[in-house]
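Colleague: Below is input.csv; it holds CSV, C-alpha atoms and all ligand atoms.
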chain,number,residue,atom,x,y,z
A,14,MET,CA,143.2,80.7,152.5
A,15,THR,CA,139.5,80.3,151.3
A,16,GLU,CA,137.9,83.0,149.1
A,17,LEU,CA,135.8,84.1,152.1
A,18,GLU,CA,139.0,84.5,154.2
A,19,ALA,CA,140.6,86.4,151.4
A,20,LEU,CA,137.6,88.7,151.2
A,21,LYS,CA,137.7,89.4,155.0
A,22,ASN,CA,141.5,90.0,155.1
A,23,ARG,CA,141.8,92.2,152.0
A,24,HIS,CA,142.3,96.0,152.1
A,25,SER,CA,143.5,98.4,149.4
A,26,VAL,CA,147.3,98.6,149.3
A,27,ARG,CA,149.0,101.5,147.5
A,28,SER,CA,152.7,101.1,148.6
A,29,TYR,CA,154.6,98.0,147.4
A,30,LEU,CA,157.9,96.3,148.1
A,31,ASN,CA,160.5,95.8,145.4
A,32,LYS,CA,159.7,92.1,145.5
A,33,PRO,CA,158.9,90.4,142.2
A,34,ILE,CA,155.9,88.2,141.8
A,35,GLU,CA,157.1,84.6,141.4
A,36,GLU,CA,156.8,83.0,137.9
A,37,GLU,CA,154.4,80.3,139.2
A,38,LYS,CA,152.1,82.9,140.6
A,39,VAL,CA,152.2,84.9,137.4
A,40,ALA,CA,151.3,81.7,135.4
A,41,LEU,CA,148.3,81.0,137.7
A,42,LEU,CA,147.1,84.6,137.4
A,43,ASN,CA,147.4,84.4,133.6
A,44,GLU,CA,145.4,81.2,133.6
A,45,LYS,CA,142.7,82.9,135.6
A,46,VAL,CA,142.7,85.9,133.2
A,47,ALA,CA,142.4,83.6,130.2
A,48,GLU,CA,139.5,81.7,131.8
A,49,ILE,CA,137.6,84.9,132.5
A,50,ASN,CA,138.3,86.3,129.0
A,51,ASP,CA,137.1,83.1,127.3
A,52,LYS,CA,133.9,83.1,129.3
A,53,THR,CA,133.0,86.8,129.1
A,54,GLY,CA,134.5,88.4,126.0
A,55,LEU,CA,136.5,90.8,128.2
A,56,HIS,CA,140.1,91.5,127.2
A,57,ILE,CA,141.8,91.7,130.6
A,58,GLN,CA,145.6,91.7,130.5
A,59,LEU,CA,148.2,91.2,133.2
A,60,LEU,CA,151.3,93.4,133.0
A,61,ILE,CA,154.4,92.5,135.0
A,62,ASN,CA,157.4,94.7,135.6
A,63,GLU,CA,155.9,97.8,133.9
A,64,PRO,CA,156.9,100.8,136.0
A,65,LYS,CA,155.3,103.5,133.9
A,66,CYS,CA,151.6,103.2,134.8
A,67,PHE,CA,151.9,104.4,138.4
A,68,ALA,CA,155.1,106.6,137.9
A,69,VAL,CA,153.2,109.8,138.4
A,70,ASN,CA,152.5,112.0,141.4
A,71,ASP,CA,150.2,114.6,140.0
A,72,VAL,CA,147.1,112.4,140.1
A,73,ASP,CA,143.8,113.5,141.5
A,74,TYR,CA,143.5,110.9,144.2
A,75,GLY,CA,145.6,108.1,145.8
A,76,VAL,CA,149.4,108.2,145.1
A,77,PHE,CA,150.9,104.7,144.5
A,78,LYS,CA,154.5,103.8,145.5
A,79,ASN,CA,156.6,101.2,143.7
A,80,CYS,CA,153.8,99.5,141.8
A,81,THR,CA,155.0,97.8,138.7
A,82,ASN,CA,152.3,95.1,138.2
A,83,TYR,CA,148.7,95.6,137.2
A,84,PHE,CA,145.7,94.1,135.5
A,85,THR,CA,144.3,96.3,132.6
A,86,MET,CA,140.5,95.8,132.7
A,87,VAL,CA,139.8,96.2,128.9
A,88,GLY,CA,136.6,95.1,127.2
A,89,PRO,CA,133.7,96.0,125.0
A,90,LYS,CA,131.7,99.0,126.0
A,91,GLY,CA,128.8,98.6,128.3
A,92,MET,CA,130.3,95.9,130.5
A,93,ASP,CA,130.9,98.0,133.7
A,94,GLU,CA,129.2,95.5,136.0
A,95,GLU,CA,131.1,92.5,134.5
A,96,VAL,CA,134.4,94.4,134.9
A,97,GLY,CA,133.5,94.9,138.6
A,98,TYR,CA,132.4,91.3,139.1
A,99,TYR,CA,135.4,89.6,137.3
A,100,GLY,CA,137.9,92.1,138.6
A,101,GLN,CA,136.9,91.3,142.1
A,102,MET,CA,137.3,87.6,141.3
A,103,LEU,CA,140.9,88.4,140.3
A,104,VAL,CA,141.5,90.6,143.3
A,105,LEU,CA,140.5,87.8,145.7
A,106,TYR,CA,142.4,85.2,143.8
A,107,ALA,CA,145.5,87.5,144.1
A,108,GLN,CA,144.9,87.8,147.8
A,109,GLN,CA,144.7,84.0,148.1
A,110,LEU,CA,148.1,83.9,146.4
A,111,GLY,CA,149.5,86.2,149.1
A,112,LEU,CA,149.4,89.3,147.0
A,113,ASN,CA,147.9,92.8,147.6
A,114,THR,CA,145.8,94.9,145.3
A,115,CYS,CA,144.1,98.2,144.7
A,116,TRP,CA,141.5,99.2,142.1
A,117,ALA,CA,142.5,102.5,140.4
A,118,LYS,CA,140.5,104.7,138.1
A,119,SER,CA,142.3,108.0,138.5
A,120,SER,CA,145.6,107.3,140.2
A,121,PHE,CA,147.5,106.7,137.0
A,122,LYS,CA,148.2,108.2,133.6
A,123,LYS,CA,146.6,106.3,130.7
A,124,SER,CA,149.6,107.2,128.5
A,125,GLY,CA,151.8,105.1,130.8
A,126,VAL,CA,149.6,102.0,130.6
A,127,THR,CA,150.7,99.2,128.2
A,128,PHE,CA,147.6,97.4,126.9
A,129,GLU,CA,146.0,96.0,123.8
A,130,GLN,CA,142.6,97.3,122.7
A,131,ASN,CA,140.5,96.0,119.8
A,132,PRO,CA,138.0,98.1,117.9
A,133,GLY,CA,134.9,98.8,120.1
A,134,GLU,CA,136.8,98.1,123.4
A,135,LYS,CA,137.9,100.5,126.1
A,136,LEU,CA,140.2,100.6,129.1
A,137,TYR,CA,137.8,100.7,132.1
A,138,ILE,CA,140.2,100.7,135.0
A,139,VAL,CA,143.4,99.1,136.2
A,140,ILE,CA,144.0,97.0,139.3
A,141,ALA,CA,147.4,97.4,141.0
A,142,LEU,CA,149.1,94.2,142.2
A,143,GLY,CA,152.1,93.1,144.1
A,144,TYR,CA,153.6,92.5,147.6
A,145,GLY,CA,152.5,95.3,149.8
A,146,GLU,CA,154.6,97.2,152.4
A,147,THR,CA,151.7,96.4,154.7
A,148,GLN,CA,148.4,94.5,154.4
A,149,GLY,CA,146.4,97.8,154.4
A,150,HIS,CA,143.9,98.7,157.0
A,151,GLU,CA,140.2,98.4,158.0
A,152,ARG,CA,138.0,101.3,156.9
A,153,LYS,CA,134.6,102.7,157.7
A,154,THR,CA,131.5,101.2,156.3
A,155,LYS,CA,127.9,102.4,156.1
A,156,SER,CA,125.5,100.3,158.3
A,157,MET,CA,123.7,97.2,157.1
A,158,GLU,CA,120.4,99.1,157.5
A,159,ALA,CA,121.6,101.9,155.2
A,160,LEU,CA,122.8,99.4,152.6
A,161,SER,CA,119.9,96.8,152.6
A,162,ASN,CA,116.5,95.8,154.0
A,163,CYS,CA,118.2,93.3,156.3
A,164,THR,CA,116.5,92.9,159.7
A,165,GLU,CA,116.8,90.6,162.7
A,166,SER,CA,114.3,88.2,161.0
A,167,SER,CA,116.1,88.1,157.6
A,168,PRO,CA,117.6,84.7,156.6
A,169,GLN,CA,121.1,84.0,157.9
A,170,TRP,CA,122.5,83.7,154.4
A,171,PHE,CA,121.3,87.3,153.6
A,172,LYS,CA,123.0,88.6,156.8
A,173,ASP,CA,126.2,86.8,155.8
A,174,GLY,CA,126.0,88.1,152.2
A,175,MET,CA,125.6,91.6,153.5
A,176,GLU,CA,128.6,91.3,155.8
A,177,ALA,CA,130.6,90.4,152.7
A,178,ALA,CA,129.0,93.1,150.6
A,179,MET,CA,129.9,95.7,153.1
A,180,LEU,CA,133.6,94.7,152.7
A,181,ALA,CA,133.5,95.2,148.9
A,182,PRO,CA,135.8,98.0,147.6
A,183,THR,CA,133.9,100.8,146.0
A,184,ALA,CA,135.2,104.0,144.4
A,185,ILE,CA,136.2,106.6,147.1
A,186,ASN,CA,134.5,104.1,149.5
A,187,GLN,CA,131.2,105.6,148.4
A,188,GLN,CA,129.1,102.4,148.9
A,189,ARG,CA,126.3,103.8,146.7
A,190,PHE,CA,124.4,100.5,146.5
A,191,TYR,CA,121.3,98.9,148.0
A,192,LEU,CA,120.4,95.2,148.3
A,193,SER,CA,116.9,94.0,149.1
A,194,GLU,CA,115.6,90.5,149.8
A,195,LYS,CA,112.2,89.0,149.4
A,196,ASP,CA,111.4,85.3,149.3
A,197,GLY,CA,114.9,84.2,148.5
A,198,VAL,CA,115.3,86.7,145.6
A,199,VAL,CA,117.8,89.6,146.0
A,200,THR,CA,117.6,92.8,144.1
A,201,ALA,CA,120.8,94.8,143.8
A,202,LYS,CA,120.6,98.5,142.8
A,203,ALA,CA,123.3,101.0,142.0
A,204,LYS,CA,122.5,104.5,143.2
A,205,PHE,CA,123.4,107.6,141.1
A,206,SER,CA,127.1,108.5,141.3
A,207,ILE,CA,130.4,107.8,139.4
A,208,LEU,CA,131.4,104.2,138.8
A,209,THR,CA,128.4,102.7,140.7
A,210,HIS,CA,127.7,100.0,138.1
A,211,MET,CA,131.3,98.8,138.4
A,212,ASP,CA,131.0,99.0,142.2
A,213,LEU,CA,127.8,96.9,142.0
A,214,GLY,CA,129.6,94.1,140.2
A,215,ILE,CA,132.2,94.0,142.9
A,216,VAL,CA,129.5,94.1,145.6
A,217,LYS,CA,127.6,91.2,143.9
A,218,TYR,CA,130.7,89.1,143.7
A,219,ASN,CA,131.4,89.6,147.4
A,220,PHE,CA,127.7,89.0,148.3
A,221,GLU,CA,127.6,85.6,146.5
A,222,ILE,CA,130.7,84.5,148.5
A,223,GLY,CA,129.2,85.5,151.8
A,224,ALA,CA,125.6,84.3,151.1
A,225,GLY,CA,126.4,81.1,149.1
A,226,LYS,CA,125.1,81.1,145.5
A,227,GLU,CA,123.0,78.0,146.2
A,228,ASN,CA,120.9,79.9,148.8
A,229,PHE,CA,119.3,82.6,146.6
A,230,LYS,CA,118.6,84.0,143.2
A,231,TRP,CA,119.4,87.5,141.8
A,232,ALA,CA,116.3,89.3,140.5
A,233,GLU,CA,116.2,89.5,136.7
A,301,LIG,C1,135.9,101.4,140.9
A,301,LIG,C2,137.0,101.8,141.9
A,301,LIG,C3,137.9,102.8,141.6
A,301,LIG,C4,138.9,103.2,142.5
A,301,LIG,N1,139.8,104.2,142.1
A,301,LIG,C5,140.8,104.5,142.9
A,301,LIG,C6,141.8,105.4,142.5
A,301,LIG,O1,141.8,106.0,141.4
A,301,LIG,N2,142.8,105.7,143.4
A,301,LIG,C7,142.9,105.1,144.6
A,301,LIG,O2,143.8,105.4,145.4
A,301,LIG,N3,142.0,104.2,145.1
A,301,LIG,C8,140.9,103.8,144.2
A,301,LIG,N4,140.0,102.9,144.6
A,301,LIG,C9,140.1,102.2,145.9
A,301,LIG,C10,139.1,102.7,146.9
A,301,LIG,O3,139.4,104.0,147.4
A,301,LIG,C11,139.0,101.7,148.0
A,301,LIG,O4,138.6,100.4,147.5
A,301,LIG,C12,137.9,102.1,149.1
A,301,LIG,O5,138.4,103.2,149.8
A,301,LIG,C13,137.7,101.0,150.1
A,301,LIG,O6,138.8,100.5,150.7
A,301,LIG,P1,139.2,99.0,150.7
A,301,LIG,O7,139.5,98.6,149.2
A,301,LIG,O8,140.4,98.9,151.5
A,301,LIG,O9,138.1,98.2,151.2
A,301,LIG,C14,139.0,102.5,143.7
A,301,LIG,C15,138.1,101.5,144.0
A,301,LIG,C16,137.1,101.1,143.1
A,301,LIG,C17,136.2,100.0,143.5
Starting from the file, lay out its structure as structure tokens.
Ligand SMILES: Cc1cc2nc3c(=O)[nH]c(=O)nc-3n(C[C@H](O)[C@H](O)[C@H](O)COP(=O)(O)O)c2cc1C

Modeller:
Amino acid sequence: MTELEALKNRHSVRSYLNKPIEEEKVALLNEKVAEINDKTGLHIQLLINEPKCFAVNDVDYGVFKNCTNYFTMVGPKGMDEEVGYYGQMLVLYAQQLGLNTCWAKSSFKKSGVTFEQNPGEKLYIVIALGYGETQGHERKTKSMEALSNCTESSPQWFKDGMEAAMLAPTAINQQRFYLSEKDGVVTAKAKFSILTHMDLGIVKYNFEIGAGKENFKWAE
């Protein structure tokens, strides 16, 4: 499965099977985490067979079932966009390995999360991981016109990038972002709301896969 296929097939999954993730897959995921941490200074950790994080049912939003594996997205303060970008890299890699995922900001109790945290770091969010009961389902999206300045005459790579951006997970499916293109340069803006900078990192990761990084530049 290519990364683009993973992106198109992926939906949030909150109910999981009692099926362990194979050791080889855990090793591959840990390699990816180490690569990202080395490159970015993030302190992401993969927790396997840790039932306490999602063992709650008095959360504000989104109840999870049987989820015992997750990434803790830990890192220095001020890295919301990077957490989104590299978290989505992990989400799509997991999908390529045949696993399902769901980002989770408020569906767990922090006291149940096992993670290491160095001075100056914080736990941004977790990403649930495992074999889903289902593959999830398609959801509504805002229109391309509402999310970008894309028109009939826009370059094909921008249209393809926007198709991928519209499939990016965002908190409560809010899609509070706007992408505009001019002369091969794309500007990505987060609108005002919760978690929109993390969302924007996720959107930018998806956009790059759809558009092809070689076809455009991000505005500074
Ligand atoms: C930053 C972020 C935080 C999220 N927090 C939660 C959460 O606390 N609980 C939950 O059930 N889903 C959470 N989600 C999942 C979104 O509801 C989901 O991604 C969105 O509805 C789009 O659906 P999709 O992922 O299937 O495309 C979160 C997603 C993102 C990107």

Colleague: Show which residues sit within 12 Å of Ser156 of chain A, as a PyMOL selection string. Count only C-alpha atoms, and ignore same-chain residues fewer than 2 positions away.

Modeller: chain A and resi 153-154+158-164+175-176+178-180+188+190-191

Colleague: Show which residues sit within 8 Å of segment 21-29 of chain A, as a list of chain:residue names. Count all atoms listed in the file, and ignore same-chain residues fewer than 3 positions away.

Modeller: A:Leu17, A:Glu18, A:Gly75, A:Val76, A:Phe77, A:Lys78, A:Asn79, A:Cys80, A:Leu105, A:Gln108, A:Asn113, A:Thr114, A:Cys115, A:Trp116, A:Ala141, A:Gly143, A:Tyr144, A:Gly145, A:Glu146, A:Thr147, A:Gln148, A:Gly149, A:His150, A:Glu151, A:Ala177, A:Leu180, A:Pro182

Colleague: Mind listing as a VMD selection string all residues within 12 Å of (143.1, 88.6, 141.2), counting all atoms listed in the file?

Modeller: chain A and resid 16 19 to 20 23 38 to 39 41 to 46 49 57 to 59 82 to 86 97 to 116 139 to 143

Colleague: Residues within 8 Å of segment 130-138 of chain A, please, as a count of residues only. Count only C-alpha atoms; anything in the same chain fewer than 4 positions from it doesn't count.

Modeller: 12

Colleague: One decimal, Å: what's the distance from atom CA of Glu221 of chain A over to atom CA of Asn50 of chain A, could you say?

Modeller: 20.5 Å

Colleague: Counting only C-alpha atoms, find the residues whose atoms lie at most 8 Å from (119.7, 81.1, 154.9) (file coordinates) and write them out as a list of chain:residue names.

Modeller: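 Those within range, by chain then number, are A:Pro168, A:Gln169, A:Trp170, A:Phe171, A:Ala224, A:Asn228.
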
Colleague: At what distance in Å, to one decimal, does atom O7 of ligand LIG 301 (chain A) lie from atom CA of Glu165 of chain A?

Modeller: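 If I compute the distance from atom CA of Glu165 of chain A to atom O7 of ligand LIG 301 (chain A), I get 27.6 Å.
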
Colleague: Using Å and a single decimal, report how far atom CA of Gly214 of chain A sits from atom CA of Glu194 of chain A.

Modeller: 17.4 Å

Colleague: Box along x, y and z, 3 Å on every side, all listed atoms of segment 48-62 of chain A inside: centre and edge lengths in Å to one decimal, as AutoDock Vina command-line options.

Modeller:
--center_x 145.2 --center_y 88.2 --center_z 130.8 --size_x 30.4 --size_y 19.0 --size_z 15.6

Colleague: Counting only C-alpha atoms and all ligand atoms, which of A:Arg189, A:Lys202, A:Lys32, A:Lys172 gets nearest to ligand LIG 301 (chain A)?

Modeller: A:Arg189

Colleague: Of the candidates A:Glu94, A:Glu129, A:Asp173, A:Glu63, which shows the shortest atom-to-atom distance to ligand LIG 301 (chain A), using all atoms listed in the file?

Modeller: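 Looking at the shortest contact to ligand LIG 301 (chain A), the residue is A:Glu94.
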
Colleague: When you count only C-alpha atoms and all ligand atoms, which of these residues is closest to ligand LIG 301 (chain A): A:Thr200, A:Asn219, A:Thr127, A:Ser193?

Modeller: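 For ligand LIG 301 (chain A), the nearest of the candidates is A:Asn219.
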
Colleague: Here is a test: counting only C-alpha atoms, which residue of A:Phe220, A:Asn31, A:Cys66, A:Ala201 is nearest to Phe128 of chain A?

Modeller: A:Cys66

Colleague: Which one of A:Asn62, A:Leu213, A:Lys230, A:Ala203 sits closest to ligand LIG 301 (chain A) if you count only C-alpha atoms and all ligand atoms?

Modeller: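 That would be A:Leu213, the residue with the smallest distance to ligand LIG 301 (chain A).
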
Colleague: Take segment 55-189 of chain A from the preceding structure and save C-alpha atoms as a PDB file, in the first residue's frame.

Modeller:
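Below you can see result_0.pdb, which holds the result:
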ATOM      1  CA  LEU A  55      10.418  15.440  19.635  1.00  0.00           C
ATOM      2  CA  HIS A  56      10.207  12.737  22.333  1.00  0.00           C
ATOM      3  CA  ILE A  57       7.517  10.472  20.880  1.00  0.00           C
ATOM      4  CA  GLN A  58       7.075   7.076  22.580  1.00  0.00           C
ATOM      5  CA  LEU A  59       5.219   3.944  21.514  1.00  0.00           C
ATOM      6  CA  LEU A  60       3.339   2.136  24.288  1.00  0.00           C
ATOM      7  CA  ILE A  61       2.239  -1.447  23.716  1.00  0.00           C
ATOM      8  CA  ASN A  62      -0.111  -3.466  25.947  1.00  0.00           C
ATOM      9  CA  GLU A  63      -0.883  -0.540  28.258  1.00  0.00           C
ATOM     10  CA  PRO A  64      -4.610  -0.760  28.989  1.00  0.00           C
ATOM     11  CA  LYS A  65      -4.911   2.175  31.409  1.00  0.00           C
ATOM     12  CA  CYS A  66      -4.839   5.137  29.018  1.00  0.00           C
ATOM     13  CA  PHE A  67      -8.241   4.507  27.428  1.00  0.00           C
ATOM     14  CA  ALA A  68      -9.826   2.614  30.345  1.00  0.00           C
ATOM     15  CA  VAL A  69     -12.240   5.441  31.108  1.00  0.00           C
ATOM     16  CA  ASN A  70     -15.791   6.152  30.058  1.00  0.00           C
ATOM     17  CA  ASP A  71     -16.395   9.561  31.602  1.00  0.00           C
ATOM     18  CA  VAL A  72     -14.500  11.476  28.930  1.00  0.00           C
ATOM     19  CA  ASP A  73     -15.898  14.531  27.148  1.00  0.00           C
ATOM     20  CA  TYR A  74     -15.800  13.152  23.634  1.00  0.00           C
ATOM     21  CA  GLY A  75     -15.206   9.829  21.843  1.00  0.00           C
ATOM     22  CA  VAL A  76     -15.229   6.650  23.922  1.00  0.00           C
ATOM     23  CA  PHE A  77     -12.587   4.108  22.958  1.00  0.00           C
ATOM     24  CA  LYS A  78     -13.000   0.333  23.270  1.00  0.00           C
ATOM     25  CA  ASN A  79     -10.194  -2.165  23.850  1.00  0.00           C
ATOM     26  CA  CYS A  80      -7.391   0.201  22.956  1.00  0.00           C
ATOM     27  CA  THR A  81      -4.135  -0.879  24.606  1.00  0.00           C
ATOM     28  CA  ASN A  82      -1.541   0.635  22.260  1.00  0.00           C
ATOM     29  CA  TYR A  83      -0.756   4.268  21.592  1.00  0.00           C
ATOM     30  CA  PHE A  84       1.873   6.827  20.666  1.00  0.00           C
ATOM     31  CA  THR A  85       2.477   9.548  23.237  1.00  0.00           C
ATOM     32  CA  MET A  86       3.254  12.741  21.354  1.00  0.00           C
ATOM     33  CA  VAL A  87       5.687  14.365  23.784  1.00  0.00           C
ATOM     34  CA  GLY A  88       8.079  17.188  22.981  1.00  0.00           C
ATOM     35  CA  PRO A  89       9.342  20.671  23.763  1.00  0.00           C
ATOM     36  CA  LYS A  90       6.703  23.383  24.059  1.00  0.00           C
ATOM     37  CA  GLY A  91       5.762  25.331  20.903  1.00  0.00           C
ATOM     38  CA  MET A  92       5.919  22.375  18.491  1.00  0.00           C
ATOM     39  CA  ASP A  93       2.187  21.951  17.778  1.00  0.00           C
ATOM     40  CA  GLU A  94       2.578  21.995  14.011  1.00  0.00           C
ATOM     41  CA  GLU A  95       5.479  19.514  14.075  1.00  0.00           C
ATOM     42  CA  VAL A  96       3.467  17.202  16.349  1.00  0.00           C
ATOM     43  CA  GLY A  97       0.686  17.248  13.748  1.00  0.00           C
ATOM     44  CA  TYR A  98       3.029  16.742  10.792  1.00  0.00           C
ATOM     45  CA  TYR A  99       5.086  13.890  12.255  1.00  0.00           C
ATOM     46  CA  GLY A 100       2.119  12.317  14.023  1.00  0.00           C
ATOM     47  CA  GLN A 101       0.372  12.036  10.669  1.00  0.00           C
ATOM     48  CA  MET A 102       3.533  10.452   9.230  1.00  0.00           C
ATOM     49  CA  LEU A 103       3.201   7.766  11.951  1.00  0.00           C
ATOM     50  CA  VAL A 104      -0.553   7.416  11.397  1.00  0.00           C
ATOM     51  CA  LEU A 105      -0.089   6.733   7.689  1.00  0.00           C
ATOM     52  CA  TYR A 106       2.847   4.398   8.301  1.00  0.00           C
ATOM     53  CA  ALA A 107       0.674   2.416  10.750  1.00  0.00           C
ATOM     54  CA  GLN A 108      -2.075   2.277   8.115  1.00  0.00           C
ATOM     55  CA  GLN A 109       0.461   0.931   5.597  1.00  0.00           C
ATOM     56  CA  LEU A 110       1.274  -1.811   8.121  1.00  0.00           C
ATOM     57  CA  GLY A 111      -2.415  -2.768   8.230  1.00  0.00           C
ATOM     58  CA  LEU A 112      -3.173  -1.032  11.543  1.00  0.00           C
ATOM     59  CA  ASN A 113      -5.852   1.502  12.480  1.00  0.00           C
ATOM     60  CA  THR A 114      -5.489   4.735  14.423  1.00  0.00           C
ATOM     61  CA  CYS A 115      -7.263   7.664  16.044  1.00  0.00           C
ATOM     62  CA  TRP A 116      -5.837  10.954  17.301  1.00  0.00           C
ATOM     63  CA  ALA A 117      -7.072  11.676  20.835  1.00  0.00           C
ATOM     64  CA  LYS A 118      -6.838  14.880  22.842  1.00  0.00           C
ATOM     65  CA  SER A 119      -9.696  14.498  25.307  1.00  0.00           C
ATOM     66  CA  SER A 120     -10.745  10.834  25.196  1.00  0.00           C
ATOM     67  CA  PHE A 121      -8.289   9.608  27.821  1.00  0.00           C
ATOM     68  CA  LYS A 122      -7.143  10.404  31.327  1.00  0.00           C
ATOM     69  CA  LYS A 123      -3.611  11.778  31.506  1.00  0.00           C
ATOM     70  CA  SER A 124      -3.117   9.947  34.817  1.00  0.00           C
ATOM     71  CA  GLY A 125      -3.495   6.642  32.921  1.00  0.00           C
ATOM     72  CA  VAL A 126      -0.831   7.468  30.350  1.00  0.00           C
ATOM     73  CA  THR A 127       2.644   5.994  30.733  1.00  0.00           C
ATOM     74  CA  PHE A 128       5.238   8.351  29.305  1.00  0.00           C
ATOM     75  CA  GLU A 129       8.612   9.953  29.887  1.00  0.00           C
ATOM     76  CA  GLN A 130       8.865  13.703  29.936  1.00  0.00           C
ATOM     77  CA  ASN A 131      12.067  15.766  30.215  1.00  0.00           C
ATOM     78  CA  PRO A 132      12.133  19.290  31.688  1.00  0.00           C
ATOM     79  CA  GLY A 133      10.532  21.764  29.255  1.00  0.00           C
ATOM     80  CA  GLU A 134       8.544  19.052  27.467  1.00  0.00           C
ATOM     81  CA  LYS A 135       4.820  18.365  27.489  1.00  0.00           C
ATOM     82  CA  LEU A 136       2.381  15.672  26.421  1.00  0.00           C
ATOM     83  CA  TYR A 137       0.539  17.197  23.451  1.00  0.00           C
ATOM     84  CA  ILE A 138      -1.794  14.364  22.500  1.00  0.00           C
ATOM     85  CA  VAL A 139      -1.908  10.590  22.082  1.00  0.00           C
ATOM     86  CA  ILE A 140      -2.601   8.508  18.983  1.00  0.00           C
ATOM     87  CA  ALA A 141      -4.498   5.251  19.534  1.00  0.00           C
ATOM     88  CA  LEU A 142      -3.261   2.265  17.566  1.00  0.00           C
ATOM     89  CA  GLY A 143      -4.224  -1.349  16.889  1.00  0.00           C
ATOM     90  CA  TYR A 144      -6.332  -3.686  14.799  1.00  0.00           C
ATOM     91  CA  GLY A 145      -9.745  -2.085  14.466  1.00  0.00           C
ATOM     92  CA  GLU A 146     -13.074  -3.883  14.709  1.00  0.00           C
ATOM     93  CA  THR A 147     -13.764  -2.100  11.397  1.00  0.00           C
ATOM     94  CA  GLN A 148     -11.832   0.158   9.046  1.00  0.00           C
ATOM     95  CA  GLY A 149     -13.898   3.173  10.172  1.00  0.00           C
ATOM     96  CA  HIS A 150     -16.078   5.173   7.832  1.00  0.00           C
ATOM     97  CA  GLU A 151     -16.067   8.141   5.469  1.00  0.00           C
ATOM     98  CA  ARG A 152     -17.069  11.468   6.967  1.00  0.00           C
ATOM     99  CA  LYS A 153     -18.269  14.846   5.794  1.00  0.00           C
ATOM    100  CA  THR A 154     -15.843  17.424   4.514  1.00  0.00           C
ATOM    101  CA  LYS A 155     -16.075  21.111   3.740  1.00  0.00           C
ATOM    102  CA  SER A 156     -15.833  21.943   0.034  1.00  0.00           C
ATOM    103  CA  MET A 157     -12.533  22.637  -1.728  1.00  0.00           C
ATOM    104  CA  GLU A 158     -13.753  26.208  -2.338  1.00  0.00           C
ATOM    105  CA  ALA A 159     -14.289  26.739   1.387  1.00  0.00           C
ATOM    106  CA  LEU A 160     -10.825  25.390   2.225  1.00  0.00           C
ATOM    107  CA  SER A 161      -8.697  26.911  -0.547  1.00  0.00           C
ATOM    108  CA  ASN A 162      -8.480  29.275  -3.505  1.00  0.00           C
ATOM    109  CA  CYS A 163      -8.499  26.285  -5.870  1.00  0.00           C
ATOM    110  CA  THR A 164     -10.391  26.888  -9.158  1.00  0.00           C
ATOM    111  CA  GLU A 165     -10.827  25.025 -12.457  1.00  0.00           C
ATOM    112  CA  SER A 166      -7.657  26.682 -13.760  1.00  0.00           C
ATOM    113  CA  SER A 167      -5.451  25.826 -10.745  1.00  0.00           C
ATOM    114  CA  PRO A 168      -2.562  23.444 -11.446  1.00  0.00           C
ATOM    115  CA  GLN A 169      -3.412  19.742 -11.210  1.00  0.00           C
ATOM    116  CA  TRP A 170      -0.935  19.237  -8.346  1.00  0.00           C
ATOM    117  CA  PHE A 171      -2.822  21.851  -6.266  1.00  0.00           C
ATOM    118  CA  LYS A 172      -6.131  20.085  -6.903  1.00  0.00           C
ATOM    119  CA  ASP A 173      -4.548  16.733  -5.958  1.00  0.00           C
ATOM    120  CA  GLY A 174      -2.973  18.271  -2.860  1.00  0.00           C
ATOM    121  CA  MET A 175      -6.310  19.707  -1.792  1.00  0.00           C
ATOM    122  CA  GLU A 176      -8.067  16.345  -2.263  1.00  0.00           C
ATOM    123  CA  ALA A 177      -5.515  14.874   0.164  1.00  0.00           C
ATOM    124  CA  ALA A 178      -5.761  17.855   2.562  1.00  0.00           C
ATOM    125  CA  MET A 179      -9.541  17.426   2.759  1.00  0.00           C
ATOM    126  CA  LEU A 180      -8.981  13.866   4.006  1.00  0.00           C
ATOM    127  CA  ALA A 181      -6.695  15.043   6.825  1.00  0.00           C
ATOM    128  CA  PRO A 182      -8.042  14.348  10.323  1.00  0.00           C
ATOM    129  CA  THR A 183      -8.731  17.509  12.320  1.00  0.00           C
ATOM    130  CA  ALA A 184     -10.010  17.923  15.883  1.00  0.00           C
ATOM    131  CA  ILE A 185     -13.818  17.416  15.960  1.00  0.00           C
ATOM    132  CA  ASN A 186     -13.568  17.404  12.145  1.00  0.00           C
ATOM    133  CA  GLN A 187     -13.448  21.193  12.315  1.00  0.00           C
ATOM    134  CA  GLN A 188     -11.272  21.737   9.202  1.00  0.00           C
ATOM    135  CA  ARG A 189     -10.338  25.247  10.340  1.00  0.00           C
TER     136      ARG A 189
END
